[in-house]
Every structure is written in structure tokens, then in C-alpha cells.
Amino acid sequence: MALKNTKDQYGSVAKWMHWISALTIIGLFALGLWMRSLSYYDPWYKDGPDLHRSIGVVLAVLILARLVWRWMNPQPHDPAHARWERVVASWTHGLFYVLLFALFIAGFLISTADGRSMDVFGLFSIPSVIKQAGLEKTAGEIHEILAFTVIGLAVFHVIGALKHHVIDKDRTLLRMLPERKK
Amino acid sequence: MKKALILSAALMAGIVTGGVTKADTYVIDTKGAHASINFNIKHLGYSNLRGRFDKFEGEFTFDEANPEASSVLVTIDTSSVNSNHAERDNHLRSADFLNVSEYPTATFKSTKVTVNGDGQGVITGDLTLNGVTRSIDIVASHVGGGQDPWGGHRQGFTGTTTIALADYGIDFNLGPASKEVELTLEVEGIKQ
């Protein structure tokens, strides 16, 4: 299978980045909810948030890479799709990028509002950009709202894919999966 | 007739408060930050964790000749909690602790002042925190007072009290050594 997209189908790089980010986004959402429910003496009380921040930074880099890759590649079009379907899909995809970057920024601001840097897997750390008393409160509220919005959008995205697969019986979902060997 | 009534009322008022010199009202100097509301809680029982509330306001009345007639009222913006760690402060604002979205202010209103002499005393009053009001005793002392270099007049006090978190409906388990918080109030007021 080709690495790059063609005008008819997605290449393996786009497919892998899609599925890895999908799993990471769902995983981070679950981890975020779970880590906030932990008691103070839970062994994960410290490691949960450390992992959430570190994986979040990696995801931000991956999403940025996807955006770059998207610009470097043709976007495959399925002639079977109606015009309104293409418009809705393209707005959904665009909104994902906007919401995710806002989510990353809000998350970063929570942890760095006091001037601390953000540690990534203990390997390196990203210095604070904005230090402002109370900023973490607003950033925290926005981060939470955006997280639920992204998951809501993901549900909508999945419903769209299933609609094509089950109702329209076209290849929209299948073309995101690895190509089967002939 | 009307004039005489007003005059006699004024005289009566003078008799009621007579023998007691007038208590002055002081506004707590939060603007110049010569006041702070600090807390101290044990971390795991291994160390002391200190923090404070950055935003609050209040005033007190004080009469040096009759300090037991003094009173104090303080209003605290609970979302201004600052333990020098943004993520922890967000947790402290949440429903696990201060529940600031529901109870954005805490107040202390004195009900009785007892003076033990030598500038020491106990301020009894109602502390409202997390929507719960309970009577507490603040052990207070008069630090000093008098003219300031800029034409004003100031009085300063320090006070300490200990509250149990559970008394205020805060039941997040921080461990057996961390069930109580010590509050220290440093207050300087400017005479109005």
C-alpha cells in the first residue's frame, strides 16, 4: 500500500495517524475522567495526571503532523457522496482540528498558569508561556467543555461513517481500513 | 417641637453610648496588602503546606478604651485560593473542597470579643464556608497601632484558629493527619 494519498484513496500514513489519534483521544478522555475520581491515597493519583499531560503533548504533535501531512497530500474524494455529505464531513474534520488545538492549549494553560513547566514523560519539559493568577480556573473549565465537545463530535463522526457503511453500503468506512491483500 | 424631639433623641443617644468613647471604623488594607488570610494543613503528616486567599475585604470597629466592644466582618473570595500550585488550586476550588461555583464567598462575622488583657483576646464569631455556618473562636492579639507616616491612622491584629474540614462539609480524604486546617489572619485597618 502506498504511503501517500492518491486522489482515490488514503495512503497508509494517513490511515495509521487517523486510528492512532482516535484511540489516543478516547484514551485521554477516559484517563482524564478517571484520574479526577481517584482518592488522594490512590497509587495513580500522581501518575494519572503525569501520563495525561505527557500523552496529551504527544497527541498535539501527532495532530500537527496530520495537518502537515494533509497539506502535502491530495484529499481522496468518493464520487458516490452527495454534495451535502461532503460539506458536513469537511466541516466535521475541520472542527476536529480547531477543537483539538484549543483543547491542547487550554490543558497546557491549566498546568503552567503558575509558571511551572510541563513535564513530558520525564524526558523534557515545555516552559510556561503565560503566568497569571487564576488562569487555571478558566482554562480548566474550557478544557472540560472542549473535551466533551470533541467526544460528541467523534460520536457524530462515527455515526456518519456507519451511515455510509450500513445504509448507503459504500466504501467510506472500508477505505480507512488497511487494504486487504488480493 | 420637632426640633426639641430631635434634640432629646440626640441626647438620649448620647446617654446610651455615654461613658463609652466612640469606636472607630477601620477598613482592612487589602489594597496595600497589609493583610492576609493564610492556611496551613499537614501534608501526609510529614510537612506543613501553606496557602492563602488572595482576594478578600473587610472592616472592623475598634475602641482602644473598650476593646470588648470591637467587631469585625471579613468576606473572602474563595476562588482566590492560592497554594502556589495552579492544578492543586483548581482541585481546591472544586466540589471536593471549597465548591466555589456554588459558594463563591466565605465570611466571618464576629459575635463577641473577650479581652484577656495585655492586648490578647478571643474573637468569637460565625464562619461561613462551603455554605456551612459555625461559631469559631479566633485567638487574637493586638500587634500595634497609631499614626502612619502618610496622615492616616492604623491598627493591626493577628489571629489564629483551627477548623476541622469535616465541620464544613469538606470530606475529601487527605489522610488522618490532614483533617484540620489552621487559619491565620493578619489584619491591618485604616481608620475611616
# chains A, B, ... in the order shown; residues from 1 in each chain; ligands from 1

$ residues_around --residues "B:Val74" --least-positions-apart "4" --cutoff "6 Å" --atoms "only C-alpha atoms" --output "list of chain:residue names"
B:Glu57, B:Gly58, B:Thr107, B:Phe108

$ residues_around --residues "A:His18" --least-positions-apart "4" --cutoff "12 Å" --atoms "only C-alpha atoms" --output "PyMOL selection string"
chain A and resi 10-14+22-25+59+62-63+65-67+69-70+93+96+176-178

$ write_last_selection --atoms "N, CA and C atoms" --output "PDB file, in the first residue's frame"
ATOM      1  N   TYR A  10      -6.858   6.803   0.532  1.00  0.00           N
ATOM      2  CA  TYR A  10      -5.920   7.239   1.565  1.00  0.00           C
ATOM      3  C   TYR A  10      -4.702   6.322   1.591  1.00  0.00           C
ATOM      4  N   GLY A  11      -3.524   6.917   1.829  1.00  0.00           N
ATOM      5  CA  GLY A  11      -2.299   6.133   1.989  1.00  0.00           C
ATOM      6  C   GLY A  11      -2.193   5.613   3.417  1.00  0.00           C
ATOM      7  N   SER A  12      -1.209   4.765   3.654  1.00  0.00           N
ATOM      8  CA  SER A  12      -1.110   4.120   4.971  1.00  0.00           C
ATOM      9  C   SER A  12      -0.754   5.120   6.069  1.00  0.00           C
ATOM     10  N   VAL A  13       0.018   6.164   5.746  1.00  0.00           N
ATOM     11  CA  VAL A  13       0.401   7.136   6.780  1.00  0.00           C
ATOM     12  C   VAL A  13      -0.846   7.838   7.327  1.00  0.00           C
ATOM     13  N   ALA A  14      -1.708   8.300   6.423  1.00  0.00           N
ATOM     14  CA  ALA A  14      -2.934   8.983   6.852  1.00  0.00           C
ATOM     15  C   ALA A  14      -3.820   8.044   7.667  1.00  0.00           C
ATOM     16  N   ALA A  22      -7.372   8.566  16.999  1.00  0.00           N
ATOM     17  CA  ALA A  22      -8.706   8.220  17.507  1.00  0.00           C
ATOM     18  C   ALA A  22      -8.604   7.497  18.848  1.00  0.00           C
ATOM     19  N   LEU A  23      -7.729   6.477  18.895  1.00  0.00           N
ATOM     20  CA  LEU A  23      -7.565   5.712  20.142  1.00  0.00           C
ATOM     21  C   LEU A  23      -7.008   6.602  21.257  1.00  0.00           C
ATOM     22  N   THR A  24      -6.042   7.467  20.903  1.00  0.00           N
ATOM     23  CA  THR A  24      -5.416   8.329  21.913  1.00  0.00           C
ATOM     24  C   THR A  24      -6.421   9.323  22.485  1.00  0.00           C
ATOM     25  N   ILE A  25      -7.250   9.894  21.607  1.00  0.00           N
ATOM     26  CA  ILE A  25      -8.240  10.879  22.072  1.00  0.00           C
ATOM     27  C   ILE A  25      -9.224  10.221  23.036  1.00  0.00           C
ATOM     28  N   LEU A  59       0.119  13.678  21.543  1.00  0.00           N
ATOM     29  CA  LEU A  59      -1.035  13.767  20.646  1.00  0.00           C
ATOM     30  C   LEU A  59      -1.030  15.109  19.899  1.00  0.00           C
ATOM     31  N   LEU A  62       1.268  14.807  17.109  1.00  0.00           N
ATOM     32  CA  LEU A  62       0.702  13.929  16.082  1.00  0.00           C
ATOM     33  C   LEU A  62      -0.366  14.657  15.252  1.00  0.00           C
ATOM     34  N   ILE A  63      -1.219  15.427  15.932  1.00  0.00           N
ATOM     35  CA  ILE A  63      -2.284  16.142  15.209  1.00  0.00           C
ATOM     36  C   ILE A  63      -1.674  17.213  14.299  1.00  0.00           C
ATOM     37  N   ALA A  65       1.261  16.969  12.958  1.00  0.00           N
ATOM     38  CA  ALA A  65       1.841  16.205  11.849  1.00  0.00           C
ATOM     39  C   ALA A  65       0.764  15.806  10.842  1.00  0.00           C
ATOM     40  N   ARG A  66      -0.414  15.461  11.354  1.00  0.00           N
ATOM     41  CA  ARG A  66      -1.524  15.102  10.455  1.00  0.00           C
ATOM     42  C   ARG A  66      -1.913  16.273   9.567  1.00  0.00           C
ATOM     43  N   LEU A  67      -1.930  17.457  10.198  1.00  0.00           N
ATOM     44  CA  LEU A  67      -2.309  18.660   9.459  1.00  0.00           C
ATOM     45  C   LEU A  67      -1.293  18.937   8.340  1.00  0.00           C
ATOM     46  N   TRP A  69       0.702  16.707   6.980  1.00  0.00           N
ATOM     47  CA  TRP A  69       0.566  15.609   6.004  1.00  0.00           C
ATOM     48  C   TRP A  69      -0.632  15.843   5.071  1.00  0.00           C
ATOM     49  N   ARG A  70      -1.694  16.385   5.667  1.00  0.00           N
ATOM     50  CA  ARG A  70      -2.913  16.685   4.913  1.00  0.00           C
ATOM     51  C   ARG A  70      -2.636  17.705   3.804  1.00  0.00           C
ATOM     52  N   HIS A  93     -14.400  17.456   9.975  1.00  0.00           N
ATOM     53  CA  HIS A  93     -12.952  17.240  10.060  1.00  0.00           C
ATOM     54  C   HIS A  93     -12.230  18.519  10.472  1.00  0.00           C
ATOM     55  N   PHE A  96     -12.701  19.273  14.137  1.00  0.00           N
ATOM     56  CA  PHE A  96     -11.850  18.421  14.970  1.00  0.00           C
ATOM     57  C   PHE A  96     -10.504  19.113  15.239  1.00  0.00           C
ATOM     58  N   MET A 176     -10.847   3.523   5.033  1.00  0.00           N
ATOM     59  CA  MET A 176      -9.969   3.951   6.113  1.00  0.00           C
ATOM     60  C   MET A 176      -9.235   2.776   6.749  1.00  0.00           C
ATOM     61  N   LEU A 177      -9.639   1.548   6.392  1.00  0.00           N
ATOM     62  CA  LEU A 177      -9.001   0.351   6.948  1.00  0.00           C
ATOM     63  C   LEU A 177      -7.856  -0.087   6.041  1.00  0.00           C
ATOM     64  N   PRO A 178      -6.896  -0.871   6.607  1.00  0.00           N
ATOM     65  CA  PRO A 178      -5.798  -1.355   5.774  1.00  0.00           C
ATOM     66  C   PRO A 178      -6.346  -2.131   4.581  1.00  0.00           C
TER      67      PRO A 178
END

$ atom_distance --atom1 "atom CA of B:Thr111" --atom2 "atom CA of B:Leu129"
16.6 Å

$ interface_residues --of "chain B" --to "chain A" --cutoff "7 Å" --atoms "only C-alpha atoms" --output "ChimeraX atom specification"
/B:84-87,90,173-174

$ select_by_dssp --residues "chain B" --states "helix (DSSP H, G or I)" --output "VMD selection string"
chain B and resid 2 to 16 67 to 69 78 to 80 86 to 93 165 to 168

$ write_last_selection --atoms "N, CA and C atoms" --output "short mmCIF file (atom, residue, chain, number, x, y, z; two decimals), in the first residue's frame"
data_model
loop_
_atom_site.label_atom_id
_atom_site.label_comp_id
_atom_site.auth_asym_id
_atom_site.auth_seq_id
_atom_site.Cartn_x
_atom_site.Cartn_y
_atom_site.Cartn_z
N LYS B 2 -40.68 69.82 66.91
CA LYS B 2 -39.93 68.81 66.16
C LYS B 2 -38.44 68.87 66.52
N LYS B 3 -37.97 70.14 66.62
CA LYS B 3 -36.56 70.37 66.93
C LYS B 3 -36.21 69.78 68.30
N ALA B 4 -37.15 70.01 69.27
CA ALA B 4 -36.94 69.53 70.64
C ALA B 4 -36.87 68.00 70.67
N LEU B 5 -37.72 67.39 69.86
CA LEU B 5 -37.73 65.92 69.79
C LEU B 5 -36.38 65.39 69.30
N ILE B 6 -35.94 66.02 68.21
CA ILE B 6 -34.66 65.58 67.63
C ILE B 6 -33.54 65.78 68.64
N LEU B 7 -33.60 66.92 69.34
CA LEU B 7 -32.57 67.24 70.32
C LEU B 7 -32.56 66.21 71.45
N SER B 8 -33.77 65.87 71.91
CA SER B 8 -33.84 64.92 73.03
C SER B 8 -33.40 63.52 72.57
N ALA B 9 -33.77 63.19 71.35
CA ALA B 9 -33.33 61.90 70.80
C ALA B 9 -31.81 61.85 70.73
N ALA B 10 -31.24 62.96 70.30
CA ALA B 10 -29.79 63.03 70.20
C ALA B 10 -29.16 62.92 71.59
N LEU B 11 -29.80 63.54 72.58
CA LEU B 11 -29.30 63.47 73.95
C LEU B 11 -29.38 62.04 74.48
N MET B 12 -30.52 61.41 74.22
CA MET B 12 -30.72 60.02 74.64
C MET B 12 -29.63 59.12 74.06
N ALA B 13 -29.42 59.30 72.77
CA ALA B 13 -28.39 58.50 72.10
C ALA B 13 -27.04 58.75 72.76
N GLY B 14 -26.83 59.99 73.15
CA GLY B 14 -25.57 60.36 73.81
C GLY B 14 -25.45 59.66 75.15
N ILE B 15 -26.59 59.53 75.85
CA ILE B 15 -26.57 58.88 77.16
C ILE B 15 -26.28 57.38 77.01
N VAL B 16 -26.98 56.79 75.99
CA VAL B 16 -26.81 55.34 75.77
C VAL B 16 -25.36 54.99 75.48
N PRO B 67 -12.03 47.60 74.23
CA PRO B 67 -11.81 46.66 73.11
C PRO B 67 -12.88 45.58 72.99
N GLU B 68 -13.60 45.29 74.09
CA GLU B 68 -14.63 44.24 74.01
C GLU B 68 -15.82 44.67 73.16
N ALA B 69 -15.90 45.96 72.87
CA ALA B 69 -16.98 46.45 72.00
C ALA B 69 -16.59 46.35 70.53
N THR B 78 -13.55 32.84 47.71
CA THR B 78 -12.93 31.52 47.85
C THR B 78 -12.20 31.06 46.59
N SER B 79 -12.60 31.61 45.43
CA SER B 79 -11.91 31.18 44.20
C SER B 79 -10.50 31.76 44.13
N SER B 80 -10.17 32.67 45.04
CA SER B 80 -8.82 33.26 45.01
C SER B 80 -7.82 32.41 45.80
N ALA B 86 -1.04 25.75 40.50
CA ALA B 86 -2.27 26.01 39.76
C ALA B 86 -3.21 24.80 39.74
N GLU B 87 -2.67 23.60 39.48
CA GLU B 87 -3.52 22.42 39.40
C GLU B 87 -4.15 22.11 40.75
N ARG B 88 -3.36 22.23 41.81
CA ARG B 88 -3.91 21.99 43.15
C ARG B 88 -4.98 23.03 43.48
N ASP B 89 -4.74 24.28 43.09
CA ASP B 89 -5.72 25.33 43.38
C ASP B 89 -7.04 25.03 42.67
N ASN B 90 -6.97 24.50 41.45
CA ASN B 90 -8.20 24.10 40.74
C ASN B 90 -8.92 23.00 41.51
N HIS B 91 -8.15 22.07 42.04
CA HIS B 91 -8.76 20.99 42.83
C HIS B 91 -9.40 21.57 44.10
N LEU B 92 -8.71 22.51 44.73
CA LEU B 92 -9.25 23.14 45.95
C LEU B 92 -10.54 23.89 45.65
N ARG B 93 -10.66 24.44 44.41
CA ARG B 93 -11.88 25.16 44.03
C ARG B 93 -13.05 24.22 43.75
N LEU B 165 -12.08 20.27 58.70
CA LEU B 165 -12.67 20.34 57.36
C LEU B 165 -14.06 19.70 57.33
N ALA B 166 -14.21 18.58 58.05
CA ALA B 166 -15.49 17.87 58.03
C ALA B 166 -16.62 18.72 58.60
N ASP B 167 -16.28 19.63 59.52
CA ASP B 167 -17.31 20.52 60.09
C ASP B 167 -17.95 21.39 59.01
N TYR B 168 -17.21 21.62 57.95
CA TYR B 168 -17.70 22.48 56.87
C TYR B 168 -18.07 21.67 55.63
#
